>>> print(open('upload-v3.cif').read())   # mmCIF, C-alpha atoms (C1' of nucleotides)
data_query
#
loop_
_atom_site.label_atom_id
_atom_site.label_comp_id
_atom_site.auth_asym_id
_atom_site.auth_seq_id
_atom_site.Cartn_x
_atom_site.Cartn_y
_atom_site.Cartn_z
CA MET F 1145 1.99 -4.11 1.41
CA TYR F 1146 5.34 -2.55 0.68
CA LEU F 1147 3.99 0.78 1.86
CA ARG F 1148 3.26 -0.54 5.33
CA ALA F 1149 6.70 -2.08 5.77
CA ILE F 1150 8.55 0.91 4.37
CA ALA F 1151 6.50 3.46 6.29
CA PHE F 1152 7.47 1.51 9.39
CA LEU F 1153 11.17 1.87 8.58
CA HIS F 1154 10.61 5.54 7.81
CA ARG F 1155 9.14 6.15 11.25
CA LYS F 1156 12.19 4.47 12.70
CA GLY F 1157 14.30 7.11 10.94
CA ARG F 1158 15.81 4.79 8.36
CA GLN F 1159 17.16 6.57 5.24
CA TYR F 1160 17.91 3.67 2.93
CA VAL F 1161 16.68 0.13 2.71
CA SER F 1162 18.04 -2.75 0.65
CA SER F 1163 15.96 -5.34 -1.15
CA SER F 1164 17.33 -8.06 1.11
CA ASP F 1165 16.30 -6.15 4.24
CA LEU F 1166 12.76 -5.96 2.93
CA ALA F 1167 12.88 -9.56 1.78
CA ARG F 1168 13.65 -10.72 5.28
CA GLN F 1169 10.89 -8.64 6.78
CA LEU F 1170 8.22 -9.56 4.26
CA HIS F 1171 9.23 -13.18 3.80
CA LEU F 1172 10.00 -12.71 0.13
CA LYS F 1173 13.07 -13.22 -2.03
CA SER F 1174 15.18 -10.17 -2.74
CA PRO F 1175 15.18 -10.32 -6.57
CA GLN F 1176 11.39 -10.34 -6.41
CA ILE F 1177 11.42 -7.01 -4.65
CA ARG F 1178 14.00 -5.51 -6.99
CA LYS F 1179 11.89 -6.59 -9.94
CA ASP F 1180 8.77 -5.04 -8.45
CA PHE F 1181 10.57 -1.79 -7.77
CA SER F 1182 12.05 -1.76 -11.24
CA TYR F 1183 8.50 -1.64 -12.63
CA PHE F 1184 8.05 1.59 -10.72
CA GLY F 1185 11.07 2.90 -12.62
CA ALA F 1186 14.54 2.21 -11.32
CA PHE F 1187 15.92 4.48 -8.66
CA GLY F 1188 17.91 2.28 -6.33
CA VAL F 1189 21.47 3.20 -5.43
CA LYS F 1190 23.91 0.37 -6.07
CA GLY F 1191 25.77 -0.61 -2.98
CA THR F 1192 23.37 1.30 -0.74
CA GLY F 1193 19.78 0.41 -1.47
CA TYR F 1194 16.62 2.41 -2.01
CA HIS F 1195 15.95 5.86 -0.58
CA VAL F 1196 13.07 5.35 1.81
CA GLU F 1197 11.31 8.65 1.21
CA THR F 1198 11.56 8.39 -2.57
CA LEU F 1199 10.22 4.87 -2.35
CA ILE F 1200 7.23 5.93 -0.30
CA ALA F 1201 6.46 8.82 -2.65
CA ARG F 1202 6.75 6.52 -5.64
CA ILE F 1203 4.42 3.89 -4.21
CA ARG F 1204 1.90 6.48 -3.10
CA ARG F 1205 1.81 7.87 -6.60
CA ILE F 1206 1.27 4.47 -8.15
CA LEU F 1207 -1.53 3.68 -5.72
CA LYS F 1208 -3.01 7.15 -6.34
CA LEU F 1209 -2.57 8.02 -2.70
CA GLU F 1210 -0.72 11.31 -3.12
CA SER F 1211 -3.53 13.38 -1.66
CA ARG F 1212 -5.75 12.46 1.25
CA GLN F 1213 -8.91 10.70 0.21
CA LYS F 1214 -12.33 10.54 1.73
CA ALA F 1215 -14.30 7.37 2.23
CA ALA F 1216 -17.84 6.67 3.34
CA LEU F 1217 -18.66 4.01 5.91
CA VAL F 1218 -21.97 2.20 5.66
CA GLY F 1219 -23.04 0.31 8.76
CA ALA F 1220 -22.52 1.73 12.23
CA GLY F 1221 -22.85 -1.55 14.07
CA LYS F 1222 -20.05 -2.88 16.26
CA LEU F 1223 -17.72 -3.50 13.37
CA GLY F 1224 -18.58 -0.19 11.72
CA LYS F 1225 -17.94 1.71 14.91
CA ALA F 1226 -14.63 -0.04 15.39
CA LEU F 1227 -13.59 0.87 11.85
CA ALA F 1228 -14.76 4.48 12.16
CA GLU F 1229 -12.35 5.01 15.02
CA TYR F 1230 -9.58 2.81 13.68
CA PRO F 1231 -6.43 4.91 13.44
CA GLY F 1232 -4.84 2.73 10.75
CA PHE F 1233 -6.62 4.39 7.83
CA ASP F 1234 -4.73 7.58 8.50
CA VAL F 1235 -1.42 6.01 7.47
CA TYR F 1236 -2.78 5.58 3.96
CA GLY F 1237 -4.27 9.05 3.93
CA PHE F 1238 -7.91 8.09 4.32
CA ASP F 1239 -10.56 10.01 6.18
CA ILE F 1240 -13.91 8.52 7.04
CA ALA F 1241 -15.94 11.52 5.95
CA ALA F 1242 -19.46 10.12 6.13
CA ILE F 1243 -21.21 7.35 8.03
CA TYR F 1244 -24.56 5.77 7.20
CA ASP F 1245 -26.86 3.32 8.96
CA VAL F 1246 -30.47 2.13 8.81
CA SER F 1247 -31.15 2.09 12.53
CA PRO F 1248 -33.05 5.12 13.88
CA ASP F 1249 -31.16 4.58 17.17
CA LYS F 1250 -27.93 5.41 15.43
CA ILE F 1251 -28.98 8.06 12.92
CA GLY F 1252 -28.11 11.49 14.21
CA LYS F 1253 -25.57 10.25 16.76
CA ARG F 1254 -21.93 11.09 16.32
CA ILE F 1255 -19.04 8.67 15.99
CA GLY F 1256 -15.93 10.70 16.56
CA SER F 1257 -16.68 13.91 14.73
CA VAL F 1258 -18.88 12.38 12.06
CA LYS F 1259 -22.64 12.33 12.29
CA VAL F 1260 -24.43 9.11 11.33
CA GLN F 1261 -26.86 9.64 8.45
CA ASP F 1262 -29.78 7.61 7.17
CA VAL F 1263 -28.81 5.11 4.45
CA ALA F 1264 -31.85 6.34 2.58
CA GLY F 1265 -29.78 9.42 1.84
CA LEU F 1266 -26.85 7.53 0.31
CA ALA F 1267 -27.60 9.04 -3.07
CA GLY F 1268 -26.38 12.34 -1.64
CA LEU F 1269 -22.83 11.00 -1.95
CA ARG F 1270 -23.03 11.87 -5.62
CA ASP F 1271 -22.73 15.54 -4.71
CA SER F 1272 -19.67 14.96 -2.54
CA ASP F 1273 -16.10 14.12 -3.48
CA ILE F 1274 -16.34 10.70 -1.86
CA ARG F 1275 -15.69 7.87 -4.29
CA LEU F 1276 -14.76 5.04 -1.93
CA ALA F 1277 -16.95 3.20 0.55
CA ILE F 1278 -16.49 0.67 3.32
CA LEU F 1279 -19.35 -1.77 3.68
CA ALA F 1280 -19.85 -3.07 7.23
CA VAL F 1281 -23.42 -4.31 7.08
CA PRO F 1282 -24.91 -7.81 7.44
CA ALA F 1283 -24.50 -10.02 4.38
CA HIS F 1284 -28.19 -10.00 3.55
CA ALA F 1285 -28.16 -6.20 3.20
CA ALA F 1286 -24.83 -5.90 1.42
CA GLN F 1287 -26.04 -6.24 -2.17
CA ARG F 1288 -28.82 -3.69 -1.65
CA VAL F 1289 -26.44 -1.14 -0.17
CA ALA F 1290 -23.87 -1.86 -2.87
CA ASP F 1291 -26.49 -1.05 -5.50
CA SER F 1292 -27.18 2.29 -3.80
CA LEU F 1293 -23.48 3.03 -3.59
CA VAL F 1294 -23.04 2.32 -7.28
CA GLY F 1295 -26.01 4.58 -7.98
CA ALA F 1296 -24.34 7.28 -5.92
CA GLY F 1297 -21.26 7.22 -8.11
CA ILE F 1298 -18.99 5.25 -5.77
CA ARG F 1299 -16.03 3.73 -7.64
CA GLY F 1300 -14.51 1.41 -5.06
CA ILE F 1301 -16.02 -0.70 -2.27
CA LEU F 1302 -14.24 -2.44 0.59
CA ASN F 1303 -16.73 -5.14 1.52
CA LEU F 1304 -16.50 -6.64 5.00
CA ALA F 1305 -19.59 -8.79 4.54
CA PRO F 1306 -19.04 -12.48 3.72
CA CYS F 1307 -20.65 -12.38 0.28
CA TYR F 1308 -19.92 -11.52 -3.32
CA LEU F 1309 -21.31 -8.33 -4.74
CA ALA F 1310 -22.57 -7.91 -8.28
CA VAL F 1311 -21.47 -4.50 -9.52
CA PRO F 1312 -20.73 -2.89 -12.90
CA LYS F 1313 -17.20 -3.38 -14.18
CA ARG F 1314 -16.26 0.24 -13.52
CA VAL F 1315 -16.62 -0.37 -9.77
CA LYS F 1316 -13.86 -2.26 -7.96
CA VAL F 1317 -14.83 -4.43 -5.00
CA ILE F 1318 -12.43 -5.90 -2.48
CA THR F 1319 -14.01 -8.37 -0.09
CA ILE F 1320 -12.51 -9.21 3.27
CA ASP F 1321 -14.13 -12.23 4.87
CA ILE F 1322 -12.57 -12.47 8.29
CA ALA F 1323 -14.22 -15.74 9.21
CA MET F 1324 -13.06 -17.31 5.97
CA GLU F 1325 -9.47 -16.33 6.69
CA LEU F 1326 -9.75 -17.96 10.08
CA GLY F 1327 -11.26 -20.96 8.32
CA ILE F 1328 -8.11 -21.67 6.37
CA LEU F 1329 -5.87 -21.75 9.44
CA PRO F 1330 -6.78 -25.29 10.56
CA TYR F 1331 -5.65 -26.53 7.17
CA TYR F 1332 -2.10 -25.47 7.98
CA VAL F 1333 -1.86 -26.57 11.59
CA MET A 1175 -13.74 -19.23 -0.50
CA TYR A 1176 -15.60 -22.03 -2.20
CA LEU A 1177 -17.12 -22.96 1.12
CA ARG A 1178 -18.79 -19.59 1.54
CA ALA A 1179 -20.29 -19.58 -1.94
CA ILE A 1180 -21.44 -23.18 -1.78
CA ALA A 1181 -22.84 -22.86 1.73
CA PHE A 1182 -24.84 -19.93 0.40
CA LEU A 1183 -26.33 -22.10 -2.35
CA HIS A 1184 -26.99 -24.83 0.18
CA ARG A 1185 -29.01 -22.48 2.36
CA LYS A 1186 -31.03 -21.57 -0.71
CA GLY A 1187 -31.92 -25.26 -1.04
CA ARG A 1188 -29.83 -25.92 -4.14
CA GLN A 1189 -29.00 -29.62 -4.66
CA TYR A 1190 -26.46 -29.44 -7.48
CA VAL A 1191 -24.17 -26.76 -8.78
CA SER A 1192 -22.16 -26.65 -11.99
CA SER A 1193 -18.66 -25.32 -12.34
CA SER A 1194 -19.90 -22.54 -14.60
CA ASP A 1195 -22.49 -21.43 -12.03
CA LEU A 1196 -19.74 -21.07 -9.48
CA ALA A 1197 -17.45 -19.45 -11.99
CA ARG A 1198 -19.98 -16.71 -12.61
CA GLN A 1199 -20.51 -16.12 -8.93
CA LEU A 1200 -16.83 -16.11 -7.96
CA HIS A 1201 -15.54 -14.37 -11.06
CA LEU A 1202 -13.38 -17.31 -12.08
CA LYS A 1203 -13.20 -19.51 -15.15
CA SER A 1204 -15.05 -22.80 -15.05
CA PRO A 1205 -12.15 -25.16 -15.90
CA GLN A 1206 -10.26 -23.66 -12.99
CA ILE A 1207 -12.97 -24.76 -10.61
CA ARG A 1208 -13.22 -28.22 -12.12
CA LYS A 1209 -9.48 -28.62 -11.77
CA ASP A 1210 -9.57 -27.55 -8.14
CA PHE A 1211 -12.39 -29.94 -7.38
CA SER A 1212 -10.61 -32.75 -9.17
CA TYR A 1213 -7.75 -32.40 -6.67
CA PHE A 1214 -10.29 -33.13 -3.96
CA GLY A 1215 -11.02 -36.37 -5.80
CA ALA A 1216 -13.53 -36.35 -8.64
CA PHE A 1217 -17.17 -36.68 -7.75
CA GLY A 1218 -19.05 -34.45 -10.18
CA VAL A 1219 -21.97 -35.80 -12.15
CA LYS A 1220 -21.63 -35.16 -15.86
CA GLY A 1221 -24.52 -33.19 -17.28
CA THR A 1222 -25.67 -32.19 -13.80
CA GLY A 1223 -22.81 -30.75 -11.78
CA TYR A 1224 -21.58 -31.29 -8.24
CA HIS A 1225 -23.71 -32.43 -5.32
CA VAL A 1226 -23.74 -29.47 -2.98
CA GLU A 1227 -23.74 -31.39 0.29
CA THR A 1228 -20.98 -33.74 -0.80
CA LEU A 1229 -18.97 -30.74 -1.92
CA ILE A 1230 -19.35 -29.00 1.43
CA ALA A 1231 -18.40 -32.13 3.34
CA ARG A 1232 -15.36 -32.64 1.12
CA ILE A 1233 -14.12 -29.08 1.52
CA ARG A 1234 -14.68 -29.12 5.27
CA ARG A 1235 -12.62 -32.25 5.51
CA ILE A 1236 -9.76 -30.79 3.51
CA LEU A 1237 -9.76 -27.63 5.60
CA LYS A 1238 -9.94 -29.76 8.77
CA LEU A 1239 -13.22 -28.17 9.71
CA GLU A 1240 -15.23 -31.34 10.32
CA SER A 1241 -15.61 -30.69 14.03
CA ARG A 1242 -16.20 -27.36 15.72
CA GLN A 1243 -13.02 -25.63 16.77
CA LYS A 1244 -12.23 -23.22 19.54
CA ALA A 1245 -10.29 -20.02 19.12
CA ALA A 1246 -8.94 -17.44 21.55
CA LEU A 1247 -9.36 -13.73 21.00
CA VAL A 1248 -6.67 -11.38 22.28
CA GLY A 1249 -7.66 -7.74 22.50
CA ALA A 1250 -11.08 -6.68 23.74
CA GLY A 1251 -10.99 -3.19 22.26
CA LYS A 1252 -13.60 -2.03 19.81
CA LEU A 1253 -12.44 -4.36 17.09
CA GLY A 1254 -12.05 -7.27 19.47
CA LYS A 1255 -15.53 -6.76 20.87
CA ALA A 1256 -16.98 -6.58 17.37
CA LEU A 1257 -15.27 -9.84 16.46
CA ALA A 1258 -16.30 -11.59 19.67
CA GLU A 1259 -19.92 -11.04 18.79
CA TYR A 1260 -19.54 -11.53 15.06
CA PRO A 1261 -21.89 -14.31 13.99
CA GLY A 1262 -19.89 -15.19 10.87
CA PHE A 1263 -17.41 -17.47 12.64
CA ASP A 1264 -20.20 -19.90 13.39
CA VAL A 1265 -20.59 -20.78 9.70
CA TYR A 1266 -17.07 -22.21 9.72
CA GLY A 1267 -17.62 -23.97 13.03
CA PHE A 1268 -15.58 -21.68 15.22
CA ASP A 1269 -16.29 -20.73 18.83
CA ILE A 1270 -14.54 -17.88 20.56
CA ALA A 1271 -13.81 -19.78 23.73
CA ALA A 1272 -11.49 -17.35 25.52
CA ILE A 1273 -10.89 -13.61 25.46
CA TYR A 1274 -7.83 -11.77 26.79
CA ASP A 1275 -6.95 -8.12 27.29
CA VAL A 1276 -4.42 -6.03 29.21
CA SER A 1277 -6.79 -3.36 30.48
CA PRO A 1278 -7.98 -3.80 34.09
CA ASP A 1279 -11.21 -2.07 33.01
CA LYS A 1280 -12.00 -4.99 30.76
CA ILE A 1281 -10.61 -7.94 32.69
CA GLY A 1282 -13.39 -9.76 34.48
CA LYS A 1283 -16.16 -8.29 32.33
CA ARG A 1284 -18.16 -10.54 30.06
CA ILE A 1285 -18.51 -10.29 26.30
CA GLY A 1286 -21.40 -12.48 25.36
CA SER A 1287 -20.91 -15.49 27.59
CA VAL A 1288 -17.12 -15.31 27.74
CA LYS A 1289 -15.24 -13.66 30.55
CA VAL A 1290 -12.29 -11.44 29.65
CA GLN A 1291 -9.05 -12.67 31.21
CA ASP A 1292 -5.72 -10.99 31.83
CA VAL A 1293 -3.22 -11.43 28.98
CA ALA A 1294 -0.67 -12.26 31.63
CA GLY A 1295 -2.47 -15.59 31.86
CA LEU A 1296 -2.15 -16.42 28.20
CA ALA A 1297 0.16 -19.30 29.01
CA GLY A 1298 -2.86 -21.06 30.49
CA LEU A 1299 -4.02 -21.76 26.92
CA ARG A 1300 -1.52 -24.59 26.87
CA ASP A 1301 -3.80 -26.58 29.16
CA SER A 1302 -6.84 -26.00 26.96
CA ASP A 1303 -7.74 -27.45 23.58
CA ILE A 1304 -7.47 -24.02 21.93
CA ARG A 1305 -4.89 -23.95 19.14
CA LEU A 1306 -6.03 -20.91 17.14
CA ALA A 1307 -5.96 -17.26 18.12
CA ILE A 1308 -7.28 -13.99 16.74
CA LEU A 1309 -5.05 -11.02 17.41
CA ALA A 1310 -6.91 -7.70 17.67
CA VAL A 1311 -4.38 -5.58 19.53
CA PRO A 1312 -2.47 -2.42 18.49
CA ALA A 1313 0.45 -3.06 16.15
CA HIS A 1314 3.05 -2.16 18.77
CA ALA A 1315 1.80 -4.91 21.07
CA ALA A 1316 1.23 -7.55 18.41
CA GLN A 1317 4.68 -9.14 18.38
CA ARG A 1318 4.80 -9.42 22.16
CA VAL A 1319 1.40 -11.10 22.30
CA ALA A 1320 2.32 -13.34 19.37
CA ASP A 1321 5.36 -14.54 21.31
CA SER A 1322 3.15 -15.42 24.28
CA LEU A 1323 0.71 -17.21 22.03
CA VAL A 1324 3.50 -19.26 20.50
CA GLY A 1325 4.72 -20.06 23.99
CA ALA A 1326 1.22 -21.20 24.89
CA GLY A 1327 1.21 -23.75 22.10
CA ILE A 1328 -0.97 -21.85 19.64
CA ARG A 1329 -0.59 -23.18 16.08
CA GLY A 1330 -2.40 -20.57 14.00
CA ILE A 1331 -2.83 -16.81 14.37
CA LEU A 1332 -5.23 -14.53 12.53
CA ASN A 1333 -3.51 -11.17 12.87
CA LEU A 1334 -5.64 -8.05 12.46
CA ALA A 1335 -2.77 -5.69 13.30
CA PRO A 1336 -1.01 -3.97 10.41
CA CYS A 1337 2.38 -5.59 10.95
CA TYR A 1338 4.35 -8.72 10.23
CA LEU A 1339 4.89 -11.21 12.99
CA ALA A 1340 8.02 -13.25 13.49
CA VAL A 1341 7.00 -16.75 14.57
CA PRO A 1342 8.48 -20.25 14.34
CA LYS A 1343 7.72 -22.11 11.12
CA ARG A 1344 5.32 -24.46 12.84
CA VAL A 1345 2.96 -21.55 13.50
CA LYS A 1346 0.86 -20.23 10.62
CA VAL A 1347 0.03 -16.52 10.58
CA ILE A 1348 -2.56 -14.89 8.37
CA THR A 1349 -2.51 -11.10 8.47
CA ILE A 1350 -5.49 -8.99 7.50
CA ASP A 1351 -4.61 -5.32 7.13
CA ILE A 1352 -7.93 -3.61 6.51
CA ALA A 1353 -6.44 -0.18 5.86
CA MET A 1354 -4.03 -1.65 3.33
CA GLU A 1355 -6.88 -3.27 1.44
CA LEU A 1356 -8.64 0.07 1.30
CA GLY A 1357 -5.36 1.55 0.15
CA ILE A 1358 -5.30 -0.46 -3.05
CA LEU A 1359 -8.77 0.65 -4.13
CA PRO A 1360 -7.74 4.07 -5.47
CA TYR A 1361 -5.32 2.28 -7.79
CA TYR A 1362 -8.24 0.69 -9.59
CA VAL A 1363 -10.67 3.60 -9.75
"C1'" DC N 1475 -27.35 -30.72 -24.97
"C1'" DC N 1476 -25.60 -30.28 -20.72
"C1'" DT N 1477 -21.99 -31.36 -17.84
"C1'" DT N 1478 -17.25 -33.27 -15.90
"C1'" DG N 1479 -12.24 -34.54 -16.01
"C1'" DT N 1480 -7.85 -33.88 -17.97
"C1'" DG N 1481 -3.81 -33.61 -21.05
"C1'" DA N 1482 -1.59 -30.14 -23.67
"C1'" DA N 1483 -0.60 -25.16 -24.65
"C1'" DA N 1484 -0.08 -20.66 -22.96
"C1'" DA N 1485 0.71 -17.30 -19.72
"C1'" DA N 1486 2.21 -15.53 -15.50
"C1'" DC N 1487 5.11 -15.48 -11.98
"C1'" DT N 1488 9.46 -16.67 -9.35
"C1'" DT N 1489 14.10 -17.64 -8.97
"C1'" DC N 1490 18.71 -17.61 -10.37
"C1'" DA N 1491 22.93 -15.65 -12.01
"C1'" DC N 1492 25.70 -12.15 -13.05
"C1'" DA N 1493 27.26 -7.75 -15.18
"C1'" DG N 1494 27.71 -3.09 -13.64
"C1'" DC N 1495 28.07 0.52 -10.26
"C1'" DC N 1496 28.98 2.85 -5.73
"C1'" DG T 962 32.09 -5.84 -0.40
"C1'" DG T 963 27.52 -4.76 -0.94
"C1'" DC T 964 23.98 -3.61 -3.68
"C1'" DT T 965 20.94 -2.82 -7.99
"C1'" DG T 966 18.86 -4.06 -12.54
"C1'" DT T 967 17.77 -7.56 -15.72
"C1'" DG T 968 17.91 -11.34 -19.16
"C1'" DA T 969 17.45 -16.24 -19.03
"C1'" DA T 970 15.81 -20.44 -16.82
"C1'" DG T 971 12.66 -22.62 -14.19
"C1'" DT T 972 8.35 -23.31 -12.00
"C1'" DT T 973 3.76 -22.80 -11.07
"C1'" DT T 974 -0.77 -21.41 -12.39
"C1'" DT T 975 -4.30 -20.53 -15.74
"C1'" DT T 976 -6.59 -21.35 -19.94
"C1'" DC T 977 -8.01 -23.97 -23.72
"C1'" DA T 978 -9.88 -27.93 -26.07
"C1'" DC T 979 -12.04 -31.97 -26.26
"C1'" DA T 980 -13.19 -36.90 -25.25
"C1'" DA T 981 -16.63 -39.21 -22.58
"C1'" DG T 982 -20.78 -39.72 -19.67
"C1'" DG T 983 -25.68 -38.80 -17.92
#
>>> encode(input="upload-v3.cif", output="structure tokens")
Amino acid sequence: MYLRAIAFLHRKGRQYVSSSDLARQLHLKSPQIRKDFSYFGAFGVKGTGYHVETLIARIRRILKLESRQKAALVGAGKLGKALAEYPGFDVYGFDIAAIYDVSPDKIGKRIGSVKVQDVAGLAGLRDSDIRLAILAVPAHAAQRVADSLVGAGIRGILNLAPCYLAVPKRVKVITIDIAMELGILPYYV
Amino acid sequence: MYLRAIAFLHRKGRQYVSSSDLARQLHLKSPQIRKDFSYFGAFGVKGTGYHVETLIARIRRILKLESRQKAALVGAGKLGKALAEYPGFDVYGFDIAAIYDVSPDKIGKRIGSVKVQDVAGLAGLRDSDIRLAILAVPAHAAQRVADSLVGAGIRGILNLAPCYLAVPKRVKVITIDIAMELGILPYYV
DNA sequence: CCTTGTGAAAAACTTCACAGCC
DNA sequence: GGCTGTGAAGTTTTTCACAAGG
């Protein structure tokens, strides 16, 4: 979250940022931000703020994002295609290095520069250096694919299907349920 | 969140569910769930659990989801198109009732049964009963569109662009930054 | 025996306040 | 004057423990 806001300032050529600047932008209180940053190890400059580039490097290291990482995408439907060509992953240093689908119509086609492979071959991920996967398949197929991903040595799954996934503890799952997020809006209006 | 899990049980024909069942499924502790439900007003049956249909009705009422709601979609790019045809919104009772884009290539075309309109006409939303919007435009355009939406009387925005939006307090914004979510996975693996 | 509902204890998080430094 | 770093205070959230009911 911080990374996005700070990277934005960095692109605007900003050298230093103060906790209260960030607080305003992120709708947080400034001591909150200082406390968070102090967990990273203190490196702010009193009277000036935090050095933007140092801050970015520090956060990247904590998130283990120093080097570019590869991720696999499973599901080349409309959502999958949109994600495959989404430029936003680049900011965090991610490359979509493999794409899988069940549909024979899609297998063999290219999305960008990546060829769509048969999900049946998911196990082949074990021999690659891909340890993250994005799941953009229908909910009813999600658990099955997740099992294959786990079997293929995947360590983290970003699940776009509206369901919970049962996985071993060593695998981290983050679920984004877009419809659910929309569902909580009426509560506030 | 509860709604998704409970609706799932409902489709499987389950009549009652206990707090510990849900806890297992949602990776929470059972007293947590009982406490949450008790805020809704207690209606569990001791020794049996909660009546699934009553629970769904109760949650829908709290989230103001009793009747179907309309939402506008701004941005008919790849992501926008994927969302427009995403069946998941239906579960929560949402209809995508209007779609907007800037591109002349897209304006006038249909996505599903909805015709894409020019964003310049966003203000026309004021005369409709649409009070929620989904924003699927590039980050650099998001604030501008958000301003138009606010001007058109929109009360809630689901923002898919990786940026913060400045809006009046009466408007609720929920931002989903898919790349950011992927970005926190390496931290855990 | 299985469950809920809830007060009390514990933990986590947030905010405040201010000393110290540029 | 403007800002960081941090202990202390305050607040919210989570967990525990258990009485009471089907």
>>> interface_residues(input="upload-v3.cif", of="chain A", to="chain N", cutoff="10 Å", atoms="only C-alpha atoms (C1' of nucleotides)", output="PyMOL selection string")
chain A and resi 1192-1194+1205+1208-1209+1211-1212+1216-1224
>>> resolve_selection(input="upload-v3.cif", expression="the PyMOL selection byres ((chain F) within 8 of (chain A))", output="PDB file with C-alpha atoms, in the coordinates of the input")
ATOM      1  CA  MET F1145       1.990  -4.110   1.410  1.00  0.00           C
ATOM      2  CA  ARG F1148       3.260  -0.540   5.330  1.00  0.00           C
ATOM      3  CA  ALA F1149       6.700  -2.080   5.770  1.00  0.00           C
ATOM      4  CA  GLN F1169      10.890  -8.640   6.780  1.00  0.00           C
ATOM      5  CA  LEU F1170       8.220  -9.560   4.260  1.00  0.00           C
ATOM      6  CA  ILE F1206       1.270   4.470  -8.150  1.00  0.00           C
ATOM      7  CA  LEU F1207      -1.530   3.680  -5.720  1.00  0.00           C
ATOM      8  CA  LYS F1208      -3.010   7.150  -6.340  1.00  0.00           C
ATOM      9  CA  LEU F1209      -2.570   8.020  -2.700  1.00  0.00           C
ATOM     10  CA  LYS F1222     -20.050  -2.880  16.260  1.00  0.00           C
ATOM     11  CA  LEU F1223     -17.720  -3.500  13.370  1.00  0.00           C
ATOM     12  CA  LYS F1225     -17.940   1.710  14.910  1.00  0.00           C
ATOM     13  CA  ALA F1226     -14.630  -0.040  15.390  1.00  0.00           C
ATOM     14  CA  LEU F1227     -13.590   0.870  11.850  1.00  0.00           C
ATOM     15  CA  GLY F1232      -4.840   2.730  10.750  1.00  0.00           C
ATOM     16  CA  PHE F1233      -6.620   4.390   7.830  1.00  0.00           C
ATOM     17  CA  TYR F1236      -2.780   5.580   3.960  1.00  0.00           C
ATOM     18  CA  LEU F1276     -14.760   5.040  -1.930  1.00  0.00           C
ATOM     19  CA  ARG F1299     -16.030   3.730  -7.640  1.00  0.00           C
ATOM     20  CA  GLY F1300     -14.510   1.410  -5.060  1.00  0.00           C
ATOM     21  CA  ILE F1301     -16.020  -0.700  -2.270  1.00  0.00           C
ATOM     22  CA  LEU F1302     -14.240  -2.440   0.590  1.00  0.00           C
ATOM     23  CA  PRO F1306     -19.040 -12.480   3.720  1.00  0.00           C
ATOM     24  CA  CYS F1307     -20.650 -12.380   0.280  1.00  0.00           C
ATOM     25  CA  TYR F1308     -19.920 -11.520  -3.320  1.00  0.00           C
ATOM     26  CA  ARG F1314     -16.260   0.240 -13.520  1.00  0.00           C
ATOM     27  CA  VAL F1315     -16.620  -0.370  -9.770  1.00  0.00           C
ATOM     28  CA  LYS F1316     -13.860  -2.260  -7.960  1.00  0.00           C
ATOM     29  CA  VAL F1317     -14.830  -4.430  -5.000  1.00  0.00           C
ATOM     30  CA  ILE F1318     -12.430  -5.900  -2.480  1.00  0.00           C
ATOM     31  CA  ILE F1320     -12.510  -9.210   3.270  1.00  0.00           C
ATOM     32  CA  ILE F1322     -12.570 -12.470   8.290  1.00  0.00           C
ATOM     33  CA  ALA F1323     -14.220 -15.740   9.210  1.00  0.00           C
ATOM     34  CA  MET F1324     -13.060 -17.310   5.970  1.00  0.00           C
ATOM     35  CA  GLU F1325      -9.470 -16.330   6.690  1.00  0.00           C
ATOM     36  CA  LEU F1326      -9.750 -17.960  10.080  1.00  0.00           C
ATOM     37  CA  GLY F1327     -11.260 -20.960   8.320  1.00  0.00           C
ATOM     38  CA  ILE F1328      -8.110 -21.670   6.370  1.00  0.00           C
ATOM     39  CA  LEU F1329      -5.870 -21.750   9.440  1.00  0.00           C
ATOM     40  CA  PRO F1330      -6.780 -25.290  10.560  1.00  0.00           C
ATOM     41  CA  TYR F1331      -5.650 -26.530   7.170  1.00  0.00           C
ATOM     42  CA  TYR F1332      -2.100 -25.470   7.980  1.00  0.00           C
ATOM     43  CA  VAL F1333      -1.860 -26.570  11.590  1.00  0.00           C
TER      44      VAL F1333
END
>>> closest_residue(input="upload-v3.cif", among="F:Arg1202, F:Lys1214, F:His1195, F:His1284", to="F:Leu1153", atoms="all atoms listed in the file")
F:His1195
>>> closest_residue(input="upload-v3.cif", among="A:Ala1197, A:Gln1189, A:Asp1275, A:Ser1204", to="chain T", atoms="only C-alpha atoms (C1' of nucleotides)")
A:Ser1204
>>> resolve_selection(input="upload-v3.cif", expression="the PyMOL selection byres ((chain T) within 10 of (chain A))", output="PDB file with C-alpha atoms (C1' of nucleotides), in the frame of the given file")
ATOM      1  C1'  DT T 974      -0.770 -21.410 -12.390  1.00  0.00           C
ATOM      2  C1'  DT T 975      -4.300 -20.530 -15.740  1.00  0.00           C
ATOM      3  C1'  DT T 976      -6.590 -21.350 -19.940  1.00  0.00           C
ATOM      4  C1'  DC T 977      -8.010 -23.970 -23.720  1.00  0.00           C
ATOM      5  C1'  DA T 981     -16.630 -39.210 -22.580  1.00  0.00           C
ATOM      6  C1'  DG T 982     -20.780 -39.720 -19.670  1.00  0.00           C
ATOM      7  C1'  DG T 983     -25.680 -38.800 -17.920  1.00  0.00           C
TER       8       DG T 983
END
>>> resolve_selection(input="upload-v3.cif", expression="the PyMOL selection byres ((chain A and resi 1320) around 8)", output="PyMOL selection string")
chain A and resi 1309+1316-1319+1321-1324+1331+1339+1341
